[in-house]
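J.: Following this message is one structure expressed as structure tokens.
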Amino acid sequence: MAKVAKDLNLGVQKMSLGQQQSARGVPCLRCKGTCLGFEPHSWRKICRSCKCSQEDHCLTSDLEDDWKIGRLLMDSKYSTLTARLKGGIRIYKRNRMIMTNPIATGKDPTFDTITYEWAPPGVTQKLGLQYMELIPKEKQPVTGTEGALYRRRQLMHQLPIYDQDPSRCLGLLENELKLMEEFVKQYKSEALGVGEVALPGQGGLPKEEGKQQEKPEGAENTAPTTNGSVGSKDVEYVCELCKGVAPTDSPVVYSDRAGYNKQWHPTCFVCTKCSEPLVDLIYFWKDGAIWCGRHYCESMRPRCSGCDEIIFSEDYQRVEDLAWHRKHFVCEGCEQLLSGRAYIVTKGQLLCPTCSKSRQS
């Protein structure tokens, strides 16, 4: 454990010097070999070489991801999903699931081992496997597969570290720092949540450590009422998103902030804005809907289209539904400041007329 804490400290120190700097040369997953390796832009969250995003290069490690999620969940009612390491660092107690299946051969039996890099916490292996089988195969976080890379990219995209850690932001002023600290404190208290996997009707029931609680005797024909308590009527369990029936022998996802009278099919537990599955079931609750972290934050404050960080200054540039820090209102081609000059916004790109023409030709 001490070695893990030491390694994590070193990793965090590297990241604090700049996440991009510690990952120079990491190839781009989107460019399929044409990008020679990640070259960090000085303030944009992109590669200077291929212009793709940081998550397209999958820059983080398991330790860095676990530290980030641990930091997000600490000081919230979900802090039980974190562990304190030596030195006071909080790390995510990520639930992994290992399945070992015998392979029939003519000789000595061999075994096929599958490791899921994340699995729902607090469930039996049987229920965890049922849950995974309902997820599309290309999105199952099996070690060494596209699904594992997809999870890592979603951790970076949906839960960017600079949405929770002011030290990862570019030059916050003192008053902006205080606003961000209050913003993070508030969303941890009022919006942040972690979905719970259970069979229909079992959401919110007490669980033994690492075990799925059995239904109380006589509860087979009960259903949650509108206030979240257990009622006695025979009612079909219906998915909150698709309104389809949720079979009583198939796992669903609950959100304690929504109340246990609501449940979602595993594939329906998605962000209301982008419709992407919520990575590790981490959600934000607002206006009767579940959001990913990125889009929740954007619904509360503008996000800079240049540096990708939340804007805490009241003095910023807005064009239609896009926003920029004043200092980042620059051409994406030649990097010239465009305040007071002609510009063109096309497909989310901010360009001066010269660079716009050159890209069209």
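In the structure tokens, the first chain shown is A, the next is B, and so on; residue numbers restart at 1 for each chain, and ligands run from 1 in the order shown.
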As a list in words, please: every residue in stretch 240-276 of chain A that a backbone DSSP assignment puts in strand (DSSP E or B).

T.: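 Matching residues, listed in order: Val245, Val252, Val253, Tyr254, Gln263, Trp264 and Val270 of chain A.
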
J.: At a cut-off of 12 Å, using only C-alpha atoms, what residues contact A:Gly288? Leave out same-chain residues fewer than 5 positions from it and give the result as a PyMOL selection string.

T.: chain A and resi 191+240-241+255+257-259+262+271-272

J.: Tell me which protein, DNA and RNA residues are within 8 Å of stretch 175-184 of chain A, counting only C-alpha atoms, leaving out same-chain ones fewer than 6 positions away, and put them as a count of residues only.

T.: 5

J.: Expressed in Å to a single decimal, how great is the separation between atom CA of A:Pro200 and atom CA of A:Val235?

T.: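 Between these atoms lies a distance of 11.0 Å.
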
J.: Enter the distance from atom CA of A:Phe269 to atom CA of A:Val194, in Å, rounded to one decimal.

T.: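 So the answer is 11.2 Å.
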
J.: Mind the document's chain letters and residue numbers, and return as a ChimeraX atom specification the residues of stretch 70-157 of chain A that DSSP labels helix (DSSP H, G or I).

T.: /A:70-73,79-81,125-133,137-139,146-157

J.: What is the distance between atom CA of A:Ser339 and atom CA of A:His325, in Å to one decimal?

T.: 10.9 Å

J.: Env of stretch 28-32 of chain A: 6 Å cut, atoms = only C-alpha atoms, seq-sep filter 3 positions within chain, self excluded. Answer as number ranges by chain.

T.: A: 35, 56-57

J.: Could you write out that same residue set with N, CA and C atoms as a PDB file, in the first residue's frame?

T.:
```pdb
ATOM      1  N   CYS A  35      -0.459   9.826 -36.830  1.00  0.00           N
ATOM      2  CA  CYS A  35       0.097  10.772 -35.853  1.00  0.00           C
ATOM      3  C   CYS A  35       1.365  10.165 -35.271  1.00  0.00           C
ATOM      4  N   ASP A  56      -8.244  11.221 -27.126  1.00  0.00           N
ATOM      5  CA  ASP A  56      -7.954  10.382 -28.288  1.00  0.00           C
ATOM      6  C   ASP A  56      -6.566   9.748 -28.195  1.00  0.00           C
ATOM      7  N   HIS A  57      -5.733  10.279 -27.288  1.00  0.00           N
ATOM      8  CA  HIS A  57      -4.410   9.691 -27.063  1.00  0.00           C
ATOM      9  C   HIS A  57      -4.374   8.837 -25.790  1.00  0.00           C
TER      10      HIS A  57
END
```

J.: Fewer than 6 positions away in the same chain doesn't count, so skip those; otherwise give me all residues within 10 Å of A:Met132, counting only C-alpha atoms, as an MDAnalysis selection string.

T.: chainID A and resid 116 118:120 126 139:142 251 266

J.: Put those residues in a file: all heavy atoms, as a PDB file, in the first residue's frame.

T.:
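File written: out_2.pdb
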```
ATOM      1  N   TYR A 116     -12.460  -7.675 -15.992  1.00  0.00           N
ATOM      2  CA  TYR A 116     -13.192  -6.437 -16.233  1.00  0.00           C
ATOM      3  C   TYR A 116     -12.526  -5.344 -15.399  1.00  0.00           C
ATOM      4  O   TYR A 116     -12.423  -5.466 -14.174  1.00  0.00           O
ATOM      5  CB  TYR A 116     -14.661  -6.580 -15.833  1.00  0.00           C
ATOM      6  CG  TYR A 116     -15.441  -7.550 -16.706  1.00  0.00           C
ATOM      7  CD1 TYR A 116     -15.535  -8.904 -16.368  1.00  0.00           C
ATOM      8  CD2 TYR A 116     -16.070  -7.117 -17.862  1.00  0.00           C
ATOM      9  CE1 TYR A 116     -16.247  -9.793 -17.158  1.00  0.00           C
ATOM     10  CE2 TYR A 116     -16.795  -7.996 -18.662  1.00  0.00           C
ATOM     11  CZ  TYR A 116     -16.875  -9.334 -18.314  1.00  0.00           C
ATOM     12  OH  TYR A 116     -17.577 -10.209 -19.104  1.00  0.00           O
ATOM     13  N   TRP A 118     -13.528  -2.527 -14.616  1.00  0.00           N
ATOM     14  CA  TRP A 118     -14.499  -1.935 -13.698  1.00  0.00           C
ATOM     15  C   TRP A 118     -15.737  -2.806 -13.706  1.00  0.00           C
ATOM     16  O   TRP A 118     -16.116  -3.374 -14.736  1.00  0.00           O
ATOM     17  CB  TRP A 118     -14.888  -0.520 -14.136  1.00  0.00           C
ATOM     18  CG  TRP A 118     -16.035   0.029 -13.316  1.00  0.00           C
ATOM     19  CD1 TRP A 118     -15.948   0.688 -12.124  1.00  0.00           C
ATOM     20  CD2 TRP A 118     -17.434  -0.097 -13.601  1.00  0.00           C
ATOM     21  NE1 TRP A 118     -17.205   0.990 -11.653  1.00  0.00           N
ATOM     22  CE2 TRP A 118     -18.147   0.527 -12.544  1.00  0.00           C
ATOM     23  CE3 TRP A 118     -18.161  -0.665 -14.640  1.00  0.00           C
ATOM     24  CZ2 TRP A 118     -19.531   0.578 -12.491  1.00  0.00           C
ATOM     25  CZ3 TRP A 118     -19.549  -0.616 -14.598  1.00  0.00           C
ATOM     26  CH2 TRP A 118     -20.218   0.010 -13.537  1.00  0.00           C
ATOM     27  N   ALA A 119     -16.356  -2.947 -12.536  1.00  0.00           N
ATOM     28  CA  ALA A 119     -17.633  -3.639 -12.415  1.00  0.00           C
ATOM     29  C   ALA A 119     -18.454  -2.919 -11.349  1.00  0.00           C
ATOM     30  O   ALA A 119     -17.904  -2.231 -10.486  1.00  0.00           O
ATOM     31  CB  ALA A 119     -17.411  -5.104 -12.024  1.00  0.00           C
ATOM     32  N   PRO A 120     -19.781  -3.038 -11.393  1.00  0.00           N
ATOM     33  CA  PRO A 120     -20.608  -2.339 -10.401  1.00  0.00           C
ATOM     34  C   PRO A 120     -20.225  -2.753  -8.983  1.00  0.00           C
ATOM     35  O   PRO A 120     -20.051  -3.940  -8.707  1.00  0.00           O
ATOM     36  CB  PRO A 120     -22.031  -2.806 -10.730  1.00  0.00           C
ATOM     37  CG  PRO A 120     -21.973  -3.346 -12.113  1.00  0.00           C
ATOM     38  CD  PRO A 120     -20.588  -3.846 -12.324  1.00  0.00           C
ATOM     39  N   LYS A 126     -22.302 -12.959  -9.848  1.00  0.00           N
ATOM     40  CA  LYS A 126     -23.359 -13.386 -10.770  1.00  0.00           C
ATOM     41  C   LYS A 126     -24.129 -12.184 -11.306  1.00  0.00           C
ATOM     42  O   LYS A 126     -24.344 -12.054 -12.522  1.00  0.00           O
ATOM     43  CB  LYS A 126     -24.319 -14.345 -10.059  1.00  0.00           C
ATOM     44  CG  LYS A 126     -25.490 -14.788 -10.933  1.00  0.00           C
ATOM     45  CD  LYS A 126     -26.444 -15.696 -10.164  1.00  0.00           C
ATOM     46  CE  LYS A 126     -27.652 -16.078 -11.030  1.00  0.00           C
ATOM     47  NZ  LYS A 126     -28.617 -16.935 -10.269  1.00  0.00           N
ATOM     48  N   LYS A 139     -18.229  -2.132 -25.660  1.00  0.00           N
ATOM     49  CA  LYS A 139     -18.127  -1.172 -24.562  1.00  0.00           C
ATOM     50  C   LYS A 139     -17.897  -1.842 -23.209  1.00  0.00           C
ATOM     51  O   LYS A 139     -17.822  -1.163 -22.182  1.00  0.00           O
ATOM     52  CB  LYS A 139     -19.385  -0.298 -24.512  1.00  0.00           C
ATOM     53  CG  LYS A 139     -19.515   0.609 -25.726  1.00  0.00           C
ATOM     54  CD  LYS A 139     -20.725   1.513 -25.667  1.00  0.00           C
ATOM     55  CE  LYS A 139     -20.781   2.425 -26.894  1.00  0.00           C
ATOM     56  NZ  LYS A 139     -21.974   3.298 -26.891  1.00  0.00           N
ATOM     57  N   GLN A 140     -17.753  -3.148 -23.206  1.00  0.00           N
ATOM     58  CA  GLN A 140     -17.437  -3.842 -21.959  1.00  0.00           C
ATOM     59  C   GLN A 140     -15.963  -3.608 -21.620  1.00  0.00           C
ATOM     60  O   GLN A 140     -15.089  -3.847 -22.463  1.00  0.00           O
ATOM     61  CB  GLN A 140     -17.708  -5.343 -22.102  1.00  0.00           C
ATOM     62  CG  GLN A 140     -19.172  -5.684 -22.297  1.00  0.00           C
ATOM     63  CD  GLN A 140     -19.406  -7.175 -22.509  1.00  0.00           C
ATOM     64  OE1 GLN A 140     -18.513  -8.003 -22.333  1.00  0.00           O
ATOM     65  NE2 GLN A 140     -20.625  -7.529 -22.893  1.00  0.00           N
ATOM     66  N   PRO A 141     -15.658  -3.139 -20.406  1.00  0.00           N
ATOM     67  CA  PRO A 141     -14.280  -2.761 -20.075  1.00  0.00           C
ATOM     68  C   PRO A 141     -13.363  -3.947 -19.756  1.00  0.00           C
ATOM     69  O   PRO A 141     -12.813  -4.053 -18.659  1.00  0.00           O
ATOM     70  CB  PRO A 141     -14.473  -1.859 -18.850  1.00  0.00           C
ATOM     71  CG  PRO A 141     -15.689  -2.414 -18.181  1.00  0.00           C
ATOM     72  CD  PRO A 141     -16.596  -2.857 -19.294  1.00  0.00           C
ATOM     73  N   VAL A 142     -13.217  -4.835 -20.735  1.00  0.00           N
ATOM     74  CA  VAL A 142     -12.356  -6.007 -20.565  1.00  0.00           C
ATOM     75  C   VAL A 142     -10.913  -5.612 -20.878  1.00  0.00           C
ATOM     76  O   VAL A 142     -10.635  -4.985 -21.905  1.00  0.00           O
ATOM     77  CB  VAL A 142     -12.806  -7.157 -21.488  1.00  0.00           C
ATOM     78  CG1 VAL A 142     -11.846  -8.340 -21.394  1.00  0.00           C
ATOM     79  CG2 VAL A 142     -14.233  -7.582 -21.139  1.00  0.00           C
ATOM     80  N   PRO A 251     -30.819  -7.250 -14.045  1.00  0.00           N
ATOM     81  CA  PRO A 251     -30.403  -6.063 -13.285  1.00  0.00           C
ATOM     82  C   PRO A 251     -30.792  -4.751 -13.946  1.00  0.00           C
ATOM     83  O   PRO A 251     -30.847  -4.638 -15.177  1.00  0.00           O
ATOM     84  CB  PRO A 251     -28.879  -6.207 -13.194  1.00  0.00           C
ATOM     85  CG  PRO A 251     -28.492  -7.103 -14.318  1.00  0.00           C
ATOM     86  CD  PRO A 251     -29.648  -8.040 -14.489  1.00  0.00           C
ATOM     87  N   PRO A 266     -29.591  -1.067 -17.991  1.00  0.00           N
ATOM     88  CA  PRO A 266     -28.176  -0.688 -18.031  1.00  0.00           C
ATOM     89  C   PRO A 266     -27.776   0.126 -19.257  1.00  0.00           C
ATOM     90  O   PRO A 266     -26.994   1.064 -19.150  1.00  0.00           O
ATOM     91  CB  PRO A 266     -27.462  -2.045 -17.990  1.00  0.00           C
ATOM     92  CG  PRO A 266     -28.379  -2.903 -17.178  1.00  0.00           C
ATOM     93  CD  PRO A 266     -29.763  -2.481 -17.598  1.00  0.00           C
TER      94      PRO A 266
END
```

J.: For each of A:Glu335, A:Glu309, A:Asp321, A:Asp75, take the minimum atom-to-atom distance to A:Arg90, counting only C-alpha atoms, then give the residue where this is smallest.

T.: A:Asp75
